[in-house]
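Single-structure report; data block below.
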Protein chains: 2
Amino acid sequence: MTKRDDTAAPRTRQHGATVRDVASRAGVSVATVSRVLNDQNVVREPTIGRVRSAMEELNYVPHGGARSLSTRRTNTVGLVLPDLHGEFFSEMIRGVDVAARRQGYHLLVSGSHSDWNEMSAVVSAVRGRVDGLIVMAPELDAENVHTHLPAGLPAVLLNCYATNAWSIAVDNVRAARSMMDHLGSLGHRRIAYIRGPEGNNDAAERLRGWGEALGESGVSQEKLLFEGDFSETAGYGAAYAIMSEDTDATAIFAGNDAMAIGALCALRELNVRVPEDMAVVGFDDIPLARFVSPPLTTISVDIAELGRRAFDLVLEAGEEGSTPRHSIVPTRLVIRESCGSRPSSGKALKELSKSEA
Amino acid sequence: MTKRDDTAAPRTRQHGATVRDVASRAGVSVATVSRVLNDQNVVREPTIGRVRSAMEELNYVPHGGARSLSTRRTNTVGLVLPDLHGEFFSEMIRGVDVAARRQGYHLLVSGSHSDWNEMSAVVSAVRGRVDGLIVMAPELDAENVHTHLPAGLPAVLLNCYATNAWSIAVDNVRAARSMMDHLGSLGHRRIAYIRGPEGNNDAAERLRGWGEALGESGVSQEKLLFEGDFSETAGYGAAYAIMSEDTDATAIFAGNDAMAIGALCALRELNVRVPEDMAVVGFDDIPLARFVSPPLTTISVDIAELGRRAFDLVLEAGEEGSTPRHSIVPTRLVIRESCGSRPSSGKALKELSKSEA
DNA sequence: CGTCCAGATGTATACGGTTACATTCCAACG
DNA sequence: CGTTGGAATGTAACCGTATACATCTGGACG
């Protein structure tokens, strides 16, 4: 293999020009070209001009990958998700993207992982492509995720508490309790709960919030807890169960909006009026929530904000000598009509156009 | 600067082990390690074993960036979008992600670009980080986008026709015509249209489909075309205009579902029954479409499929000697109740649970 | 027993940048 | 006019991997 001749004209090739091409064209060294690129103010004006026009003429675009190898910084964060379906993930991606762009970072997204093996493979595959990772593995044991992450790669766990690891989560417990407070203030004491799937972190915490609040008001969980898996059909079935069993419940708290909407369907079929005969509330504030009848009282989670903060945490985790921190993002109680504390209006469009402003 | 000593034990550093560390530990050369990595079947079994266990012991993970620089392949595609809000982009990302993963590719996402300058900056910044690009620049002149893309980087334009450039688009014209056919078969002749924003490709093509079909049935567009910008409020306003002016329209075809839903709200306020007094149809089949009352007849676009195909096109565009091709993804007419060809049932849940199966 | 050959392994360069250190240049100063 | 010193620029060593080519190894063969 012949040694490369730097002074020759650019070789014909489909790949773009390099610093060396620019250097020889401008009659300077590669170092100078690099210095102009990263505009350190050490190059004299006339030289800068020569280099700039050489870059122009050759249509030079820096090679990000090569730069990364040299600087050991990719300016990219990875976002590893179990799935990409639905509003949650889309908002999450958007939040991270916004924060990343603001700091000049790129975003590498990877979704659709059914198990940790697949995730793990991806997590390995991105070494050298990202400076840090945001990982969401809701069904996995928090401590394990942490130890399975490549050492030295800053990582933030999403919706997942773990000692000795960076993480960020929605304040599910407090949110559930605030919903319980609200229902309590409306006079509800026996509040049935439709829980999310076993092993899901969010589900567990929301359940805990409900249970704690219920206990403090002196009501036993017995007969008030119903199985669910976050799907509409689960909520539908649970509502039927709640109405057919002897629960004395006056309100239904569903672990997420999808189940709440399923419950609403069931109650309508059973001719149970909402909220007059039974209050129904959900969790998540999905876009649909304001359109169902009656509009659903729920907990709003600013998911994009979650994404933004997660990104900031990754940067923080990447700083030398920083120690793991757990961040919690607050939620907001959204009172609509399904809980009975607000008169029915039936105008979804109003709220809709407001939210667009 | 001292020359690196390959035979020494791995230096302490926060960055992971390299091929050299593995090589010296296994008592072989870096070339052999590399060969084991890319398992070419040229290394003898005992050697493979030594290398493998050395990798294990050092917790070695290949450095993707370095590998890319060497092989000139990143196994990454870039997805450049104007925005990340909403179902469309989320599904698009999902579609591309699925297709990419299947082929062992990573996905670099970039959204939230307000103008072409921002996009252009990103497109440049990803040189050396991606093997190809999927670009959506709906408001930009197709020919221009193409010429502004870095030469030699395979790129596929989304929803954007351009001669001499790879592109893929939804078959808006045919879809709009099929909707018109359907309305025609229900006896509608004077069909009002609420258009999307100027300069938007989808909007223009859907409008064309409507106009052509209308013309062929001998009806003038005069008085039947209404302004809109794809927002609910625009549909809301347009419906008011349609009802107050002397149009004789028996059906409203909105350029997208959001406007159709806005129109439904307006008609309800005006006590116009849908579909008895006025048929309303949309375009896109957003999730909400089946939940509004009455459920909306619309055009379903398999956006994830669009994404998958776009990815395949990028790979094709990257092949040596391939010539630009334009791909079109088909749509599906979804008949619900708002057009009047189906009896009202009021059970959204049925369709919902079916779609989950 | 020397030769030859194929298969296994090693050496060194390239990928496209950045940057520590070396060198050059030139004006100011003794 | 020789020195000196700081600014501008050049040289070459890296970043971590892949791979063309060189070298080595050992068995088959004459």
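Lettering and numbering for the structure tokens are positional, with chains as A, B, ... in the shown order, residues counted from 1 in each chain, and ligands counted from 1 in the shown order.
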May I have a table of the residues of chain A lying at most 12 Å from chain D, giving each one's closest pair of atoms and their distance in Å to one decimal, counting only C-alpha atoms (C1' of nucleotides), ordered by chain and ascending residue number, as CSV?
```
residue,atom,partner,partner_atom,distance
A:Met1,CA,D:DA20,C1',7.3
A:Thr2,CA,D:DA20,C1',11.0
A:Ala23,CA,D:DG10,C1',11.5
A:Gly27,CA,D:DT9,C1',11.2
A:Val28,CA,D:DT9,C1',8.0
A:Ser29,CA,D:DG10,C1',6.2
A:Val30,CA,D:DG10,C1',8.6
A:Ala31,CA,D:DG10,C1',7.6
A:Thr32,CA,D:DT9,C1',7.0
A:Val33,CA,D:DT9,C1',10.6
A:Ser34,CA,D:DT9,C1',11.9
A:Arg35,CA,D:DT9,C1',10.5
A:Asn41,CA,D:DA8,C1',10.9
A:Val42,CA,D:DA8,C1',7.3
A:Val43,CA,D:DA8,C1',6.6
A:Arg44,CA,D:DA8,C1',7.1
A:Glu45,CA,D:DA8,C1',10.8
A:Pro46,CA,D:DA8,C1',11.6
A:Thr47,CA,D:DA8,C1',9.7
A:Ile48,CA,D:DA8,C1',11.6
A:Gly65,CA,D:DC15,C1',10.9
A:Ala66,CA,D:DC15,C1',8.6
A:Arg67,CA,D:DC15,C1',9.0
A:Ser68,CA,D:DC15,C1',8.3
A:Leu69,CA,D:DC15,C1',4.9
A:Ser70,CA,D:DC15,C1',4.4
A:Thr71,CA,D:DC15,C1',7.2
A:Arg72,CA,D:DC15,C1',7.1
A:Arg73,CA,D:DC15,C1',10.5
A:Arg127,CA,D:DG16,C1',11.6
A:Gly128,CA,D:DG16,C1',9.3
```
Keeping only C-alpha atoms, write those residues as a PDB file, in the first residue's frame.
```pdb
ATOM      1  CA  MET A   1       0.000   0.000   0.000  1.00  0.00           C
ATOM      2  CA  THR A   2       1.516   3.295  -1.023  1.00  0.00           C
ATOM      3  CA  ALA A  23      -5.170  21.913   3.949  1.00  0.00           C
ATOM      4  CA  GLY A  27      -1.555  25.734   1.425  1.00  0.00           C
ATOM      5  CA  VAL A  28      -1.591  25.166   5.150  1.00  0.00           C
ATOM      6  CA  SER A  29      -1.298  22.207   7.504  1.00  0.00           C
ATOM      7  CA  VAL A  30      -4.140  20.058   8.756  1.00  0.00           C
ATOM      8  CA  ALA A  31      -3.667  21.499  12.207  1.00  0.00           C
ATOM      9  CA  THR A  32      -4.450  24.957  10.952  1.00  0.00           C
ATOM     10  CA  VAL A  33      -7.552  23.742   9.180  1.00  0.00           C
ATOM     11  CA  SER A  34      -8.670  22.077  12.361  1.00  0.00           C
ATOM     12  CA  ARG A  35      -8.029  25.237  14.305  1.00  0.00           C
ATOM     13  CA  ASN A  41      -8.684  32.523  17.930  1.00  0.00           C
ATOM     14  CA  VAL A  42      -5.114  31.621  17.202  1.00  0.00           C
ATOM     15  CA  VAL A  43      -5.134  31.733  13.431  1.00  0.00           C
ATOM     16  CA  ARG A  44      -4.379  34.940  11.596  1.00  0.00           C
ATOM     17  CA  GLU A  45      -7.101  36.534   9.560  1.00  0.00           C
ATOM     18  CA  PRO A  46      -5.679  36.052   6.056  1.00  0.00           C
ATOM     19  CA  THR A  47      -5.036  32.388   6.785  1.00  0.00           C
ATOM     20  CA  ILE A  48      -8.549  31.907   8.038  1.00  0.00           C
ATOM     21  CA  GLY A  65     -17.544  10.235  13.506  1.00  0.00           C
ATOM     22  CA  ALA A  66     -13.858  10.925  13.086  1.00  0.00           C
ATOM     23  CA  ARG A  67     -14.078  13.935  15.302  1.00  0.00           C
ATOM     24  CA  SER A  68     -15.753  11.893  17.991  1.00  0.00           C
ATOM     25  CA  LEU A  69     -13.042   9.300  17.939  1.00  0.00           C
ATOM     26  CA  SER A  70     -10.451  11.947  18.453  1.00  0.00           C
ATOM     27  CA  THR A  71     -12.194  14.014  21.074  1.00  0.00           C
ATOM     28  CA  ARG A  72     -13.812  11.091  22.838  1.00  0.00           C
ATOM     29  CA  ARG A  73     -17.085  12.944  22.734  1.00  0.00           C
ATOM     30  CA  ARG A 127     -20.659   2.158  22.947  1.00  0.00           C
ATOM     31  CA  GLY A 128     -18.600   4.701  21.124  1.00  0.00           C
TER      32      GLY A 128
END
```
Non-local contacts of stretch 230-246 of chain A (7 Å; only C-alpha atoms (C1' of nucleotides); under 3 positions in same chain excluded) as a PyMOL selection string: (chain A and resi 194+196-197+226-227+255-256+258-263+265-267) or (chain B and resi 353)
Residues of stretch 135-347 of chain B in alpha helix (DSSP H), written as a PyMOL selection string: chain B and resi 142-148+172-185+201-216+232-244+257-269+303-318
DSSP-assigned strand (DSSP E) members of stretch 237-285 of chain B, reported as a PyMOL selection string: chain B and resi 251-254+279-281
Would you put the residues from that selection into a file with C-alpha atoms, as an mmCIF file, in the first residue's frame?
```
data_model
loop_
_atom_site.group_PDB
_atom_site.id
_atom_site.type_symbol
_atom_site.label_atom_id
_atom_site.label_comp_id
_atom_site.auth_asym_id
_atom_site.auth_seq_id
_atom_site.Cartn_x
_atom_site.Cartn_y
_atom_site.Cartn_z
ATOM 1 C CA ALA B 251 -71.267 16.519 2.736
ATOM 2 C CA ILE B 252 -68.081 18.014 4.162
ATOM 3 C CA PHE B 253 -64.726 16.524 3.291
ATOM 4 C CA ALA B 254 -62.067 17.861 5.633
ATOM 5 C CA ALA B 279 -72.093 13.922 6.136
ATOM 6 C CA VAL B 280 -68.609 14.640 7.462
ATOM 7 C CA VAL B 281 -65.440 12.797 6.555
#
```
Please identify all polymer residues within 7 Å of A:Ser112, counting only C-alpha atoms (C1' of nucleotides), omitting same-chain residues fewer than 6 positions from it, and present them as a short mmCIF file (atom, residue, chain, number, x, y, z; two decimals) with C-alpha atoms, in the first residue's frame.
```cif
data_model
loop_
_atom_site.label_atom_id
_atom_site.label_comp_id
_atom_site.auth_asym_id
_atom_site.auth_seq_id
_atom_site.Cartn_x
_atom_site.Cartn_y
_atom_site.Cartn_z
CA LEU A 81 -37.09 2.40 25.30
CA PRO A 82 -39.10 -0.80 25.60
CA ASP A 83 -41.57 0.33 22.99
CA LEU A 84 -42.43 3.27 20.81
#
```
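The interface of chain C with chain B at 12 Å, considering only C-alpha atoms (C1' of nucleotides), consists of C:DA6, C:DG7, C:DA8, C:DT9, C:DG10, C:DT11, C:DA12, C:DT13, C:DA14, C:DC15, C:DG16, C:DG17, C:DT19, C:DA20, C:DC21, C:DA22.
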Within 8 Å of chain A: residues of chain B, using only C-alpha atoms, as a VMD selection string: chain B and resid 14 to 16 61 to 66 68 to 69 84 to 87 89 to 91 93 to 94 97 to 98 106 to 112 124 to 129 151 to 152 232 to 233 262 265 288 291 to 292 349 353
Dump of C-alpha atoms for the selected residues, as a PDB file, in the first residue's frame:
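again.pdb written:
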```pdb
ATOM      1  CA  GLN B  14     -12.316   5.272  32.701  1.00  0.00           C
ATOM      2  CA  HIS B  15     -12.791   4.353  29.096  1.00  0.00           C
ATOM      3  CA  GLY B  16     -13.262   0.698  28.355  1.00  0.00           C
ATOM      4  CA  VAL B  61     -17.149  -3.914  24.283  1.00  0.00           C
ATOM      5  CA  PRO B  62     -16.263  -2.890  20.723  1.00  0.00           C
ATOM      6  CA  HIS B  63     -16.181   0.812  20.037  1.00  0.00           C
ATOM      7  CA  GLY B  64     -18.809   1.459  17.402  1.00  0.00           C
ATOM      8  CA  GLY B  65     -17.499   4.855  16.438  1.00  0.00           C
ATOM      9  CA  ALA B  66     -14.001   3.621  15.760  1.00  0.00           C
ATOM     10  CA  SER B  68     -17.404   3.047  11.662  1.00  0.00           C
ATOM     11  CA  LEU B  69     -14.435   5.184  10.872  1.00  0.00           C
ATOM     12  CA  LEU B  84     -42.077  15.613  16.773  1.00  0.00           C
ATOM     13  CA  HIS B  85     -45.535  16.498  17.935  1.00  0.00           C
ATOM     14  CA  GLY B  86     -48.319  14.050  17.559  1.00  0.00           C
ATOM     15  CA  GLU B  87     -49.221  10.670  16.334  1.00  0.00           C
ATOM     16  CA  PHE B  89     -44.251  11.499  13.851  1.00  0.00           C
ATOM     17  CA  SER B  90     -44.398   9.001  16.619  1.00  0.00           C
ATOM     18  CA  GLU B  91     -45.665   6.322  14.260  1.00  0.00           C
ATOM     19  CA  ILE B  93     -40.310   6.936  14.099  1.00  0.00           C
ATOM     20  CA  ARG B  94     -41.667   3.618  15.193  1.00  0.00           C
ATOM     21  CA  ASP B  97     -37.094   1.979  14.110  1.00  0.00           C
ATOM     22  CA  VAL B  98     -38.646  -1.409  13.529  1.00  0.00           C
ATOM     23  CA  HIS B 106     -29.417   2.376  14.608  1.00  0.00           C
ATOM     24  CA  LEU B 107     -31.661   5.375  14.340  1.00  0.00           C
ATOM     25  CA  LEU B 108     -30.608   8.967  14.796  1.00  0.00           C
ATOM     26  CA  VAL B 109     -33.625  11.213  15.218  1.00  0.00           C
ATOM     27  CA  SER B 110     -33.751  14.931  14.858  1.00  0.00           C
ATOM     28  CA  GLY B 111     -36.948  16.930  15.109  1.00  0.00           C
ATOM     29  CA  SER B 112     -38.190  20.356  15.977  1.00  0.00           C
ATOM     30  CA  SER B 124     -24.426  18.596   7.760  1.00  0.00           C
ATOM     31  CA  ALA B 125     -23.723  17.760  11.361  1.00  0.00           C
ATOM     32  CA  VAL B 126     -24.577  14.133  10.868  1.00  0.00           C
ATOM     33  CA  ARG B 127     -22.042  13.502   8.152  1.00  0.00           C
ATOM     34  CA  GLY B 128     -19.937  10.626   9.340  1.00  0.00           C
ATOM     35  CA  ARG B 129     -22.625   9.548  11.753  1.00  0.00           C
ATOM     36  CA  ALA B 151     -23.575  14.821  -2.188  1.00  0.00           C
ATOM     37  CA  GLY B 152     -22.909  11.135  -1.833  1.00  0.00           C
ATOM     38  CA  GLU B 232     -59.468  21.850  14.859  1.00  0.00           C
ATOM     39  CA  THR B 233     -60.362  25.503  15.090  1.00  0.00           C
ATOM     40  CA  GLY B 262     -63.649  20.755  14.634  1.00  0.00           C
ATOM     41  CA  CYS B 265     -68.215  20.400  17.095  1.00  0.00           C
ATOM     42  CA  LEU B 288     -59.426  10.006  18.215  1.00  0.00           C
ATOM     43  CA  PHE B 291     -64.130   8.050  19.548  1.00  0.00           C
ATOM     44  CA  VAL B 292     -65.851  11.179  18.368  1.00  0.00           C
ATOM     45  CA  LEU B 349     -65.023  -0.012  22.724  1.00  0.00           C
ATOM     46  CA  SER B 353     -60.597  -3.995  21.658  1.00  0.00           C
TER      47      SER B 353
END
```
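The space separating atom CA of A:Ala289 from atom CA of B:Ser293 comes to 14.7 Å.
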Contacts of A:Thr297 at 9 Å (only C-alpha atoms (C1' of nucleotides); same-chain gap of 6+ positions) as a ChimeraX atom specification: /A:280-283,285,289-290,333-340
d(atom CA of B:Leu224, atom CA of B:Pro295) in Å: 23.7 Å
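Atom pair atom CA of B:His148 / atom CA of B:Ser167: separated by 14.9 Å.
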